[in-house]
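File shown: input24.pdb (PDB, C-alpha atoms).
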ATOM      1  CA  MET Y 848      14.982  45.424 -58.434
ATOM      2  CA  SER Y 849      13.222  46.455 -55.204
ATOM      3  CA  GLN Y 850      10.702  43.623 -55.562
ATOM      4  CA  PHE Y 851      13.505  41.071 -56.075
ATOM      5  CA  PHE Y 852      15.303  42.400 -52.988
ATOM      6  CA  ASN Y 853      12.160  42.211 -50.862
ATOM      7  CA  HIS Y 854      11.462  38.688 -52.098
ATOM      8  CA  ASN Y 855      15.023  37.570 -51.255
ATOM      9  CA  VAL Y 856      14.805  39.068 -47.753
ATOM     10  CA  PHE Y 857      11.477  37.361 -47.225
ATOM     11  CA  ARG Y 858      12.964  33.989 -48.169
ATOM     12  CA  LYS Y 859      15.846  34.459 -45.737
ATOM     13  CA  LEU Y 860      13.525  35.495 -42.945
ATOM     14  CA  PHE Y 861      11.311  32.503 -43.658
ATOM     15  CA  ALA Y 862      14.313  30.130 -43.543
ATOM     16  CA  LEU Y 863      15.485  31.605 -40.245
ATOM     17  CA  SER Y 864      12.000  31.334 -38.801
ATOM     18  CA  LEU Y 865      11.685  27.704 -39.909
ATOM     19  CA  GLY Y 866      15.092  26.844 -38.421
ATOM     20  CA  ALA Y 867      14.183  28.429 -35.092
ATOM     21  CA  THR Y 868      10.900  26.511 -35.035
ATOM     22  CA  LEU Y 869      12.673  23.181 -35.638
ATOM     23  CA  ILE Y 870      15.213  23.872 -32.899
ATOM     24  CA  PHE Y 871      12.491  24.814 -30.430
ATOM     25  CA  SER Y 872      10.444  21.727 -31.329
ATOM     26  CA  SER Y 873      13.401  19.389 -30.775
ATOM     27  CA  GLN Y 874      13.944  20.856 -27.299
ATOM     28  CA  VAL Y 875      10.299  20.392 -26.359
ATOM     29  CA  VAL Y 876       9.811  16.914 -27.856
ATOM     30  CA  GLY Y 877      13.174  15.546 -26.705
ATOM     31  CA  PRO Y 878      12.275  14.657 -23.098
ATOM     32  CA  GLU Y 879       9.049  12.825 -24.035
ATOM     33  CA  PRO Y 880      10.567   9.323 -24.387
ATOM     34  CA  SER Y 881      12.085   9.421 -20.867
ATOM     35  CA  PHE Y 882       8.830  10.799 -19.458
ATOM     36  CA  ALA Y 883       6.882   8.013 -21.137
ATOM     37  CA  ALA Y 884       9.315   5.426 -19.776
ATOM     38  CA  GLY Y 885       8.985   6.867 -16.284
ATOM     39  CA  LYS Y 886       5.211   6.783 -16.536
ATOM     40  CA  LYS Y 887       5.339   3.161 -17.713
ATOM     41  CA  ASN Y 888       7.613   2.200 -14.809
ATOM     42  CA  ALA Y 889       5.296   3.946 -12.359
ATOM     43  CA  LYS Y 890       2.337   1.959 -13.683
ATOM     44  CA  ALA Y 891       4.315  -1.279 -13.407
ATOM     45  CA  ALA Y 892       5.264  -0.466  -9.810
ATOM     46  CA  GLU Y 893       1.635   0.340  -8.984
ATOM     47  CA  ALA Y 894       0.480  -2.946 -10.519
ATOM     48  CA  ALA Y 895       3.058  -4.874  -8.475
ATOM     49  CA  ALA Y 896       1.973  -3.108  -5.292
ATOM     50  CA  ASN Y 897      -1.653  -4.074  -5.967
ATOM     51  CA  ASP Y 898      -0.780  -7.712  -6.670
ATOM     52  CA  PRO Y 899      -2.197  -9.875  -3.815
ATOM     53  CA  ALA Y 900       0.761 -12.256  -4.146
ATOM     54  CA  VAL Y 901       3.177  -9.451  -3.204
ATOM     55  CA  GLU Y 902       1.225  -8.579  -0.063
ATOM     56  CA  LEU Y 903       0.776 -12.255   0.836
ATOM     57  CA  ALA Y 904       4.527 -12.818   0.625
ATOM     58  CA  LYS Y 905       4.995 -10.020   3.180
ATOM     59  CA  LEU Y 906       2.358 -11.528   5.470
ATOM     60  CA  ASP Y 907       4.020 -14.932   5.188
ATOM     61  CA  LYS Y 908       7.295 -13.445   6.463
ATOM     62  CA  ILE Y 909       5.511 -11.791   9.393
ATOM     63  CA  PHE Y 910       3.784 -14.999  10.493
ATOM     64  CA  ASP Y 911       7.005 -16.958   9.976
ATOM     65  CA  SER Y 912       9.084 -14.619  12.149
ATOM     66  CA  ILE Y 913       6.511 -14.737  14.966
ATOM     67  CA  LEU Y 914       6.300 -18.538  14.709
ATOM     68  CA  VAL Y 915      10.046 -18.711  15.347
ATOM     69  CA  LYS Y 916       9.569 -16.828  18.625
ATOM     70  CA  VAL Y 917       6.550 -18.903  19.625
ATOM     71  CA  ARG Y 918       8.457 -22.171  18.998
ATOM     72  CA  ALA Y 919      11.224 -20.876  21.227
ATOM     73  CA  ARG Y 920       8.616 -20.105  23.907
ATOM     74  CA  MET Y 921       9.595 -16.454  23.848
ATOM     75  CA  LEU Y 922       7.209 -13.806  25.104
ATOM     76  CA  LEU Y 923       5.848 -11.678  22.292
ATOM     77  CA  SER Y 924       6.509  -7.970  22.564
ATOM     78  CA  PRO Y 925       3.703  -5.426  22.106
ATOM     79  CA  LYS Y 926       5.198  -4.747  18.663
ATOM     80  CA  ASP Y 927       4.955  -8.452  17.764
ATOM     81  CA  ALA Y 928       1.374  -8.644  19.000
ATOM     82  CA  SER Y 929       0.449  -5.545  17.012
ATOM     83  CA  ALA Y 930       2.132  -6.895  13.856
ATOM     84  CA  MET Y 931       0.357 -10.232  14.288
ATOM     85  CA  ALA Y 932      -3.056  -8.579  14.659
ATOM     86  CA  ALA Y 933      -2.499  -6.272  11.678
ATOM     87  CA  ALA Y 934      -1.275  -9.178   9.534
ATOM     88  CA  LYS Y 935      -4.338 -11.234  10.494
ATOM     89  CA  LEU Y 936      -6.676  -8.396   9.492
ATOM     90  CA  LYS Y 937      -4.930  -7.979   6.141
ATOM     91  CA  LEU Y 938      -4.961 -11.726   5.571
ATOM     92  CA  MET Y 939      -8.700 -11.924   6.287
ATOM     93  CA  ASP Y 940      -9.277  -9.087   3.839
ATOM     94  CA  LEU Y 941      -7.387 -10.940   1.092
ATOM     95  CA  MET Y 942      -9.249 -14.146   1.941
ATOM     96  CA  THR Y 943     -12.426 -12.211   1.111
ATOM     97  CA  THR Y 944     -11.263 -10.274  -1.951
ATOM     98  CA  ALA Y 945      -9.065 -12.960  -3.554
ATOM     99  CA  PRO Y 946     -10.261 -16.262  -2.025
ATOM    100  CA  THR Y 947      -9.004 -18.475  -4.851
ATOM    101  CA  ASN Y 948      -5.491 -17.010  -5.080
ATOM    102  CA  ALA Y 949      -3.087 -19.916  -4.528
ATOM    103  CA  ALA Y 950      -0.628 -17.550  -2.830
ATOM    104  CA  LEU Y 951      -2.995 -17.567   0.166
ATOM    105  CA  VAL Y 952      -2.232 -21.186   1.064
ATOM    106  CA  LEU Y 953       1.088 -20.822   2.868
ATOM    107  CA  PRO Y 954       0.372 -17.660   4.924
ATOM    108  CA  VAL Y 955      -3.079 -18.983   5.905
ATOM    109  CA  TYR Y 956      -1.573 -22.293   6.977
ATOM    110  CA  LYS Y 957       1.195 -20.606   8.989
ATOM    111  CA  ALA Y 958      -1.274 -18.214  10.592
ATOM    112  CA  GLY Y 959      -3.416 -21.213  11.569
ATOM    113  CA  LEU Y 960      -0.412 -22.906  13.202
ATOM    114  CA  LEU Y 961       0.438 -19.692  15.019
ATOM    115  CA  TYR Y 962      -3.048 -19.193  16.431
ATOM    116  CA  ALA Y 963      -3.328 -22.878  17.353
ATOM    117  CA  GLU Y 964       0.006 -22.657  19.182
ATOM    118  CA  ARG Y 965      -1.249 -19.660  21.122
ATOM    119  CA  ASP Y 966      -4.522 -21.430  22.024
ATOM    120  CA  PHE Y 967      -6.752 -19.176  19.927
ATOM    121  CA  ALA Y 968      -8.860 -22.111  18.766
ATOM    122  CA  ASP Y 969     -11.593 -20.156  16.985
ATOM    123  CA  ASP Y 970      -9.103 -18.130  14.940
ATOM    124  CA  ALA Y 971      -7.088 -21.225  14.048
ATOM    125  CA  LEU Y 972     -10.204 -23.172  13.043
ATOM    126  CA  GLU Y 973     -11.373 -20.338  10.809
ATOM    127  CA  LEU Y 974      -8.051 -20.357   8.964
ATOM    128  CA  PHE Y 975      -7.717 -24.137   8.620
ATOM    129  CA  GLU Y 976     -11.343 -24.503   7.512
ATOM    130  CA  PHE Y 977     -10.791 -21.803   4.885
ATOM    131  CA  LEU Y 978      -8.002 -23.925   3.407
ATOM    132  CA  GLN Y 979     -10.232 -26.987   3.243
ATOM    133  CA  THR Y 980     -13.107 -25.022   1.711
ATOM    134  CA  GLN Y 981     -11.150 -23.081  -0.920
ATOM    135  CA  PHE Y 982      -8.322 -25.548  -1.644
ATOM    136  CA  PRO Y 983      -9.762 -29.004  -0.822
ATOM    137  CA  ASN Y 984      -7.237 -30.891  -2.971
ATOM    138  CA  HIS Y 985      -4.147 -29.027  -1.797
ATOM    139  CA  PRO Y 986      -1.639 -30.924   0.406
ATOM    140  CA  TYR Y 987      -1.742 -28.155   3.015
ATOM    141  CA  SER Y 988      -5.498 -28.561   3.238
ATOM    142  CA  ALA Y 989      -4.976 -32.221   4.082
ATOM    143  CA  ARG Y 990      -2.377 -31.288   6.709
ATOM    144  CA  ALA Y 991      -4.860 -28.883   8.284
ATOM    145  CA  THR Y 992      -7.226 -31.778   9.043
ATOM    146  CA  LYS Y 993      -5.393 -33.009  12.158
ATOM    147  CA  TYR Y 994      -5.377 -29.502  13.633
ATOM    148  CA  ILE Y 995      -9.098 -29.098  12.971
ATOM    149  CA  VAL Y 996      -9.738 -32.390  14.803
ATOM    150  CA  LYS Y 997      -7.496 -31.398  17.722
ATOM    151  CA  LEU Y 998      -9.243 -28.031  18.023
ATOM    152  CA  GLY Y 999     -12.665 -29.678  18.101
ATOM    153  CA  GLY Y1000     -13.795 -28.828  14.579
ATOM    154  CA  THR Y1001     -15.253 -31.063  11.882
ATOM    155  CA  PRO Y1002     -12.729 -31.640   9.096
ATOM    156  CA  ILE Y1003     -13.498 -31.773   5.408
ATOM    157  CA  VAL Y1004     -12.107 -34.749   3.557
ATOM    158  CA  PRO Y1005      -9.959 -33.540   0.624
ATOM    159  CA  ALA Y1006     -11.971 -34.044  -2.561
ATOM    160  CA  SER Y1007     -11.019 -36.250  -5.439
ATOM    161  CA  PRO Y1008     -10.178 -34.368  -8.675
ATOM    162  CA  SER Y1009     -13.673 -35.178  -9.956
ATOM    163  CA  GLY Y1010     -15.714 -33.659  -7.154
ATOM    164  CA  PRO Y1011     -15.937 -31.204  -4.247
ATOM    165  CA  GLY Y1012     -14.941 -31.924  -0.647
ATOM    166  CA  THR Y1013     -17.339 -33.554   1.774
ATOM    167  CA  THR Y1014     -17.638 -33.392   5.536
ATOM    168  CA  ALA Y1015     -15.935 -36.261   7.294
ATOM    169  CA  PRO Y1016     -18.123 -38.576   9.462
ATOM    170  CA  ALA Y1017     -17.767 -37.793  13.169
ATOM    171  CA  ALA Y1018     -16.638 -41.348  14.049
ATOM    172  CA  THR Y1019     -13.608 -41.139  11.754
ATOM    173  CA  GLY Y1020     -12.154 -37.939  13.168
ATOM    174  CA  ALA Y1021      -8.825 -39.173  14.512
ATOM    175  CA  SER Y1022      -8.229 -41.720  11.784
ATOM    176  CA  SER Y1023      -9.047 -39.278   9.003
ATOM    177  CA  ALA Y1024      -6.650 -36.787  10.551
ATOM    178  CA  THR Y1025      -3.839 -39.316  10.410
ATOM    179  CA  GLY Y1026      -4.624 -40.326   6.860
ATOM    180  CA  ALA Y1027      -5.025 -36.817   5.559
ATOM    181  CA  SER Y1028      -1.855 -35.546   7.169
ATOM    182  CA  GLY Y1029       0.097 -38.229   5.361
ATOM    183  CA  ALA Y1030      -1.228 -37.256   1.958
ATOM    184  CA  SER Y1031       1.463 -34.767   1.082
ATOM    185  CA  GLY Y1032       1.263 -35.098  -2.720
ATOM    186  CA  ALA Y1033       3.069 -32.831  -5.186
ATOM    187  CA  SER Y1034       2.896 -29.108  -4.653
ATOM    188  CA  SER Y1035       4.459 -25.919  -5.906
ATOM    189  CA  VAL Y1036       4.527 -24.739  -2.271
ATOM    190  CA  PRO Y1037       7.558 -25.908  -0.233
ATOM    191  CA  ALA Y1038       6.913 -28.675   2.305
ATOM    192  CA  PRO Y1039       6.081 -27.313   5.783
ATOM    193  CA  GLY Y1040       9.224 -28.689   7.407
ATOM    194  CA  ALA Y1041       9.931 -26.422  10.355
ATOM    195  CA  ALA Y1042       6.424 -25.007  10.243
ATOM    196  CA  GLU Y1043       5.029 -28.445  11.107
ATOM    197  CA  LYS Y1044       7.217 -28.530  14.215
ATOM    198  CA  SER Y1045       5.423 -25.470  15.520
ATOM    199  CA  ALA Y1046       2.208 -27.450  15.997
ATOM    200  CA  PRO Y1047       0.830 -27.634  19.554
ATOM    201  CA  ALA Y1048       2.448 -30.174  21.824
ATOM    202  CA  GLY Y1049       0.977 -33.637  21.644
ATOM    203  CA  ASN Y1050       0.753 -33.885  17.828
TER     204      ASN Y1050
END

Represent the structure of the file as structure tokens.
Amino acid sequence: MSQFFNHNVFRKLFALSLGATLIFSSQVVGPEPSFAAGKKNAKAAEAAANDPAVELAKLDKIFDSILVKVRARMLLSPKDASAMAAAKLKLMDLMTTAPTNAALVLPVYKAGLLYAERDFADDALELFEFLQTQFPNHPYSARATKYIVKLGGTPIVPASPSGPGTTAPAATGASSATGASGASGASSVPAPGAAEKSAPAGN
């Protein structure tokens, strides 16, 4: 009788212990899905922040806003000048680390217009020549030709789909600029429109 009683008590204690363990486990394991989701979202946000296209879109807005002021012949504030210099440094860094990223085209082109407008010929040439070197068949590369000629550089004729670009003969500078600027072609990038109007006077 005593053994049966002890055995019955043991079974009850075991059941209570098992129930407590299950309850405790459910409380500990419960939050894991939300934690995992938060971790996944954090990784996605980090990946987006490290995407060159995201940073290039920000740079494009900076150059665009300063171009508006330059077109209006407004004096740039120290804050504008600082933002322009910082954006140029970041753009040059991305031109080195991600030189074939198509998202570079528009901010590089706008930065080139901006520096040409402000008579920084060397900076503008560096940007326009980058477009012709890395994206020789892109419409914006063709548009850069006339600015390269005006700034005293040697343009690169946009290549045919079958081959790389080649340096234009010196005697055809002005005529090649006119021809290249007219070759707008199809592009996923919006047409320059207002950006073209920011070119230096005389174009």

>> Quick one: residues within 12 Å of Y:Lys908, all atoms listed in the file, excluding same-chain residues fewer than 5 positions away - as a PyMOL selection string?
In response: chain Y and resi 901-903+913-915+930-931+934+953-955+957-958

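Using only C-alpha atoms, the nearest neighbour of Y:Ala945 within the list Y:Thr1001, Y:Tyr962, Y:Pro899, Y:Tyr994 is Y:Pro899.
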
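Checking Y:Met921, Y:Asn948, Y:Asp907, Y:Pro1002 one by one against Y:Thr980, counting all atoms listed in the file, you find the shortest gap at Y:Pro1002.
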
>> As a check of understanding, name the residues that the PyMOL selection byres ((chain Y and resi 1000) around 10) selects in the supplied structure, as a ChimeraX atom specification.
In response: /Y:968-969,972-973,975-976,992-999,1001-1003,1017,1020

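As for atom CA of Y:Pro983 and atom CA of Y:Arg965, they are spaced 25.3 Å apart.
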
> Can you tell me how far atom CA of Y:Val952 sits from atom CA of Y:Arg920, in Å to one decimal?
Replying inline: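 Here the two named atoms are 25.3 Å from each other.
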
> Taking into account all atoms listed in the file, which residue in the set Y:Ala950, Y:Leu978, Y:Leu941, Y:Ala933 is nearest to Y:Phe910?
Replying inline: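 Under the stated criterion, the closest residue is Y:Ala933.
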
> Mind pulling up the distance from atom CA of Y:Leu923 to atom CA of Y:Leu906?
Replying inline: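 Computed distance, atom CA of Y:Leu906 to atom CA of Y:Leu923, equals 17.2 Å.
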